[in-house]
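Visitor: Following this message is one structure expressed as structure tokens.
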Amino acid sequence: MSAENRADWSALWSKLGSVVGLAFVVGLFAFLRPRTFLTPDNFQIMLLQTAVVGTAALGMTLIIISGGIDLSIGSNIALCTVAIALMLQHHVPPVLAALGGVGVGAVCGALIGALITRLNLTPFIVTLGMWGALRGAAKGLASETMVAAPSTWLNDLLQSLGPKNRWMIFPPGVWLMIVLTLFVGALLRYTRFGRHVFAIGSNEQTARLCGVPVRRTKLLIYIVGLAFAGIAGVLQFSYLTVGDPTTANGLELAVIAAVVIGGASLNGGEGSVFGSLIGALIMTVVANGCTKMNLANWVQEIVTGVIIIAAVVVDRLRHRGVG
Amino acid sequence: MAAELLRMEGVRKRFGATVALDGVDLTVRAGEVLALVGENGAGKSTLMKVLSGAHRPDKGRMWLNGGPYVPMHPLDARQAGVSMIYQELSLARHLTVMENIVLGTEPTTGPFVKWAEVRRRAVVAMAQLGRADIAPETPVHKLSIAEQQLVEIARAVAVGARMLVLDEPTSSLARNDIERLFELVRRLKTQGLGIIYISHFLEEVRALSDRFTVLRDGKSVGSGETAETTNERIIALMVGRDVSDLYPRSARNRGEAVLELSELAGPVKPANASLTLHRGEVFGIAGLIGAGRTELLRAIFGLDPVRSGRIKLKAHLGPASPARQWSRGLGMVSEDRKMEGLALSLSIADNITLSSLASVVKPSAQVAASSQWIGRLAIRCREPQQAVSELSGGNQQKVAIARLLHHGVDVLLLDEPTRGIDVGSKAQIYQLIDELACAGNAVLIVSSYLPELLGVCDRIAVMCKGRLHPARPVSEINEHEIMLEATATKEAA
């Protein structure tokens, strides 16, 4: 095989590696549990289970490509569910309540971005602090209990489709995730902002030298990134139908894992939203498949851990091949 | 004639379809310095890896001390007496000098390190290098780069190296440290070591080596006694053609002033810099490393703050951000290609268009624009989408310059534009600078390599301790005077 071919294969693998991984786990469970795993209903359930992590992963992808990280995303989602429930309690129309939830995410993003760019703090520390602070804020706002909300159409975003609305193929929340993925994919590929995200993550000094407004772009990355956490919060609320200040605990790790499995580098400069979405799907499929196999929870957790490490090992090997 | 220490015959190595080495013959005698020269990508680093046992050759044979030499891995080579000193030093910075010297070969009784023996070995090795003044207990991170390099050489000597390979050892050294390194190499030579000295600088080859071997496209294309060869002959061997004039100089028409600095000062450096740059002019800034030359360019470009003084770019007054300076037609190529100049993991197309992206980016247009520059600057690559990290230094530098040209700037700040790149690429960059100046652009160059400044510039000013001395036409200044000005101990008036 010529060097050129090898490089082509490597590029192809970086694009399709996660798809191959997904096909593998789907195939594996389809083989092991054809009756229970391989059903349309189960596939719909898996997509529903992916929606929250998948949507949050879109924002996280932006942040990780730029060389940053956000550990506060789970707390942020909890805060959003509480905020939405409270707004609905106060008779805010559902549309505005949902937008309000997204707004809460964006405001948190602005705060995080400002701390990182104005005070030159590392994203890890800032968002570790926000991980605690936002969780506390959610609990305080909810008076440390669940916040009940009147039933609205927001609750239907992630319900399995009944016979009446079969024509939608997927529930609205899943469509939302798919459309947003295409949107962010285009944002990264076809806009100056998107290319600047890659440039900053690849080499911040170069970006500055090239006249990229590094601070402003980073601020925007965190605002947009956490607005996606807000959207994930809306979906989480829809799933719970109440505001829960303790929800999505540890979700940030699942989201980061999805992005990394999808081929992003924690050093920045690399990653794709399609990969991240596939990464999120892989994690759901594994969890779902393990349940169908009646495997204990702890086995599932070990399997998930192994997959995350394996994904990074594969990525390493790929990079060695190129270098 | 001294005994032959190392011989390589017909060494070949391929990686997939890429032929890295295509028949290399060379010999090194005991007590001799062999200069190994060649452009980047000629196969020098692969040859070193074969020699150090990191790669196994596909074909060819090697002998050391008359016996067959087949190193299976780097430790094997070291034990056989062949040691490498790489450009990037491989010291444990937190450990002491003596710990580094015995690293991996620590003398022990049972599990315990024999510290007295460690110290003795370190003292012997440092004395052999003539630098007994460096205490073995010093932590390595407290030493200068030059001294760290010395420790690395001491480590090789301590394990009984017979062959020492130095890869561009002067690339990060100041001028007086280079002199000391040369003395050390000559000293080791008299102790009977064979030395392979890899360098881009023909001056160094001439000052230090007894013989030379030139590599081109993975082949050894010529060897000989250094003293009996001209630099032009060596360059011709390296690039495979005659380089009649490395520094082209067409007739240039000096136009109006585009950049005026008056008494510019930053927080620390520059302390005081005034100059006027005209269209159609190449202006050089000489000086020692640390004189504040890079800081001056960064201040002009808006990367560093300005404390006082005036910057006038065309009709625009005052300091401005890099984004604003780009839009006013001023661009900069950084001295640090890898850390600052380029986003290495991104593609050639991304790097060339990075400063001039519209809000909506069309990848096909990026690729089309880049293809044009790849052709015009003869950037050797597979495709515009190839990652910049896969290119050689010279081609990377062309990508950095292509960014300025693609942006359409007419005032260029070039900081060490030919550092660490091969002669062929250097010649192309000098040619390009000449063409740009003839087309009415203004070029400001910082360089530590005086022949280059004297070759391409119309005027040169020397910077010393943050102060920029008045500029002089290149015809009225020589290398000696520049060095005197640059190293002046008294403050300039």
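Naming works like this for the structure tokens: A, B, ... for the chains as they're shown, residue 1 at the start of each chain, ligands 1 onward in shown order.
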Compile a residue-level contact table for chain B against chain A at a cut-off of 10 Å, reporting for every qualifying residue the shortest atom pair and its distance in Å to one decimal, with only C-alpha atoms counted, rows ordered by chain and ascending number, as JSON lines.
Guide:
```
{"residue": "B:Phe15", "atom": "CA", "partner": "A:Ala3", "partner_atom": "CA", "distance": 7.7}
{"residue": "B:Gly16", "atom": "CA", "partner": "A:Ala3", "partner_atom": "CA", "distance": 5.5}
{"residue": "B:Ala17", "atom": "CA", "partner": "A:Ser2", "partner_atom": "CA", "distance": 4.8}
{"residue": "B:Thr18", "atom": "CA", "partner": "A:Ala3", "partner_atom": "CA", "distance": 6.5}
{"residue": "B:Arg298", "atom": "CA", "partner": "A:Leu209", "partner_atom": "CA", "distance": 9.2}
{"residue": "B:Phe301", "atom": "CA", "partner": "A:Leu209", "partner_atom": "CA", "distance": 8.5}
{"residue": "B:Gly302", "atom": "CA", "partner": "A:Leu209", "partner_atom": "CA", "distance": 9.0}
{"residue": "B:Leu303", "atom": "CA", "partner": "A:Leu209", "partner_atom": "CA", "distance": 7.2}
{"residue": "B:Ser321", "atom": "CA", "partner": "A:Gly211", "partner_atom": "CA", "distance": 7.5}
{"residue": "B:Pro322", "atom": "CA", "partner": "A:Gly211", "partner_atom": "CA", "distance": 4.7}
{"residue": "B:Ala323", "atom": "CA", "partner": "A:Gly211", "partner_atom": "CA", "distance": 3.8}
{"residue": "B:Arg324", "atom": "CA", "partner": "A:Gly211", "partner_atom": "CA", "distance": 7.5}
{"residue": "B:Gln325", "atom": "CA", "partner": "A:Gly211", "partner_atom": "CA", "distance": 8.1}
{"residue": "B:Trp326", "atom": "CA", "partner": "A:Gly211", "partner_atom": "CA", "distance": 6.8}
{"residue": "B:Ser327", "atom": "CA", "partner": "A:Gly211", "partner_atom": "CA", "distance": 9.0}
{"residue": "B:Gly331", "atom": "CA", "partner": "A:Cys210", "partner_atom": "CA", "distance": 8.3}
{"residue": "B:Met332", "atom": "CA", "partner": "A:Leu209", "partner_atom": "CA", "distance": 7.6}
{"residue": "B:Val333", "atom": "CA", "partner": "A:Leu209", "partner_atom": "CA", "distance": 8.5}
{"residue": "B:Ser334", "atom": "CA", "partner": "A:Leu209", "partner_atom": "CA", "distance": 8.0}
{"residue": "B:Asp336", "atom": "CA", "partner": "A:Thr206", "partner_atom": "CA", "distance": 9.7}
{"residue": "B:Arg337", "atom": "CA", "partner": "A:Thr206", "partner_atom": "CA", "distance": 8.8}
{"residue": "B:Lys338", "atom": "CA", "partner": "A:Asn203", "partner_atom": "CA", "distance": 8.9}
{"residue": "B:Met339", "atom": "CA", "partner": "A:Gln205", "partner_atom": "CA", "distance": 7.0}
{"residue": "B:Glu340", "atom": "CA", "partner": "A:Thr206", "partner_atom": "CA", "distance": 4.6}
{"residue": "B:Gly341", "atom": "CA", "partner": "A:Thr206", "partner_atom": "CA", "distance": 5.1}
{"residue": "B:Leu342", "atom": "CA", "partner": "A:Thr206", "partner_atom": "CA", "distance": 5.5}
{"residue": "B:Ala343", "atom": "CA", "partner": "A:Asn203", "partner_atom": "CA", "distance": 4.9}
{"residue": "B:Leu344", "atom": "CA", "partner": "A:Ser202", "partner_atom": "CA", "distance": 6.9}
{"residue": "B:Ser345", "atom": "CA", "partner": "A:Ser202", "partner_atom": "CA", "distance": 6.1}
{"residue": "B:Leu346", "atom": "CA", "partner": "A:Ser202", "partner_atom": "CA", "distance": 7.0}
{"residue": "B:Asp350", "atom": "CA", "partner": "A:Arg195", "partner_atom": "CA", "distance": 7.9}
{"residue": "B:Asn351", "atom": "CA", "partner": "A:Ala199", "partner_atom": "CA", "distance": 8.4}
{"residue": "B:Ile352", "atom": "CA", "partner": "A:Cys210", "partner_atom": "CA", "distance": 9.9}
{"residue": "B:Thr353", "atom": "CA", "partner": "A:Cys210", "partner_atom": "CA", "distance": 9.5}
{"residue": "B:Leu354", "atom": "CA", "partner": "A:Cys210", "partner_atom": "CA", "distance": 6.6}
{"residue": "B:Ser355", "atom": "CA", "partner": "A:Cys210", "partner_atom": "CA", "distance": 4.8}
{"residue": "B:Ser356", "atom": "CA", "partner": "A:Cys210", "partner_atom": "CA", "distance": 8.5}
{"residue": "B:Leu357", "atom": "CA", "partner": "A:Arg192", "partner_atom": "CA", "distance": 5.7}
{"residue": "B:Ala358", "atom": "CA", "partner": "A:Arg192", "partner_atom": "CA", "distance": 6.0}
{"residue": "B:Ser359", "atom": "CA", "partner": "A:Arg192", "partner_atom": "CA", "distance": 4.7}
{"residue": "B:Val360", "atom": "CA", "partner": "A:Thr191", "partner_atom": "CA", "distance": 4.3}
{"residue": "B:Val361", "atom": "CA", "partner": "A:Tyr190", "partner_atom": "CA", "distance": 4.5}
{"residue": "B:Lys362", "atom": "CA", "partner": "A:Tyr190", "partner_atom": "CA", "distance": 6.0}
{"residue": "B:Pro363", "atom": "CA", "partner": "A:Tyr190", "partner_atom": "CA", "distance": 7.2}
{"residue": "B:Arg382", "atom": "CA", "partner": "A:Glu4", "partner_atom": "CA", "distance": 8.0}
{"residue": "B:Gln386", "atom": "CA", "partner": "A:Ala7", "partner_atom": "CA", "distance": 9.3}
{"residue": "B:Ala387", "atom": "CA", "partner": "A:Val322", "partner_atom": "CA", "distance": 9.9}
{"residue": "B:Ser389", "atom": "CA", "partner": "A:Gly323", "partner_atom": "CA", "distance": 8.4}
{"residue": "B:Glu390", "atom": "CA", "partner": "A:Gly323", "partner_atom": "CA", "distance": 7.2}
{"residue": "B:Arg403", "atom": "CA", "partner": "A:Cys210", "partner_atom": "CA", "distance": 8.8}
{"residue": "B:Leu404", "atom": "CA", "partner": "A:Cys210", "partner_atom": "CA", "distance": 9.3}
```
Visitor: Could you pull out all residues of region 241-411 of chain B with a DSSP call of strand (DSSP E or B) and give them as a ChimeraX atom specification?
Guide: /B:257-265,272-278,282-287,308-313,316-317,330-333,347,360,387,411
Visitor: Could you give me, as a ChimeraX atom specification, the residues within 12 Å of region 371-381 of chain B, counting only C-alpha atoms and dropping anything in the same chain fewer than 4 positions from it?
Guide: /A:4 /B:40-41,347-353,364-367,385-407,424-433,435
Visitor: Quick one: residues within 6 Å of region 141-157 of chain A, only C-alpha atoms, excluding same-chain residues fewer than 5 positions away - as a VMD selection string?
Guide: chain A and resid 85 88 to 89 172 to 173 238 241 to 244
Visitor: Which residues, written as a VMD selection string, have at least one atom at most 10 Å from Gly263 (chain A), with only C-alpha atoms counted and residues fewer than 2 positions away on the same chain left out?
Guide: chain A and resid 13 to 18 258 to 261 265 to 266 270 to 276 278 to 279 311 to 312 314 to 315
Visitor: My list of candidates is B:Gly130, B:Arg328, B:Glu260, B:Arg279. Which is closest to Arg310 (chain B) when distances are computed with only C-alpha atoms?
Guide: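 Among the listed residues, B:Glu260 lies closest to Arg310 (chain B).
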Visitor: What residues in region 24-56 of chain B get the DSSP label helix (DSSP H, G or I)? Please answer as a PyMOL selection string.
Guide: chain B and resi 44-51
Visitor: Could you please determine the separation between CA of Thr50 (chain A) and CA of Leu134 (chain A) in Å, to one decimal place?
Guide: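 Here the two named atoms are 23.4 Å from each other.
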Visitor: Please provide as a list in words all residues within 12 Å of Thr39 (chain A), with the sequence filter that same-chain residues fewer than 6 positions apart are discarded (counting only C-alpha atoms).
Guide: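 Once the adjacent positions are removed, what remains is Val26, Phe29, Ala30, Arg33, Ile45, Met46 and Lys292 of chain A.
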Visitor: Could you save the residues just selected, with C-alpha atoms, as a CSV table (one decimal), in the first residue's frame?
Guide:
```
chain,number,residue,atom,x,y,z
A,26,VAL,CA,-25.4,-2.7,17.2
A,29,PHE,CA,-26.3,-7.0,20.5
A,30,ALA,CA,-28.5,-7.7,17.5
A,33,ARG,CA,-30.4,-10.6,21.6
A,45,ILE,CA,-36.2,4.2,22.9
A,46,MET,CA,-32.5,4.3,22.3
A,292,LYS,CA,-31.3,-6.5,27.4
```
Visitor: In Å, rounded to a single decimal, give me how far CA of Phe43 (chain A) is from CA of Leu22 (chain A).
Guide: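 One can read the CA of Leu22 (chain A) to CA of Phe43 (chain A) distance as 13.1 Å.
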Visitor: Name all residues at most 7 Å from Ser72 (chain A) (count only C-alpha atoms; drop same-chain ones fewer than 6 positions away) and give them as number ranges by chain.
Guide: A: 127-128, 130-131, 252
Visitor: Produce a file of the selected residues containing C-alpha atoms, as a PDB file, in the first residue's frame.
Guide:
```pdb
ATOM      1  CA  THR A 127     -16.088  25.018  35.223  1.00  0.00           C
ATOM      2  CA  LEU A 128     -15.157  22.851  38.206  1.00  0.00           C
ATOM      3  CA  MET A 130     -19.353  26.288  38.324  1.00  0.00           C
ATOM      4  CA  TRP A 131     -20.081  22.566  38.607  1.00  0.00           C
ATOM      5  CA  GLU A 252     -20.822  15.887  32.137  1.00  0.00           C
TER       6      GLU A 252
END
```
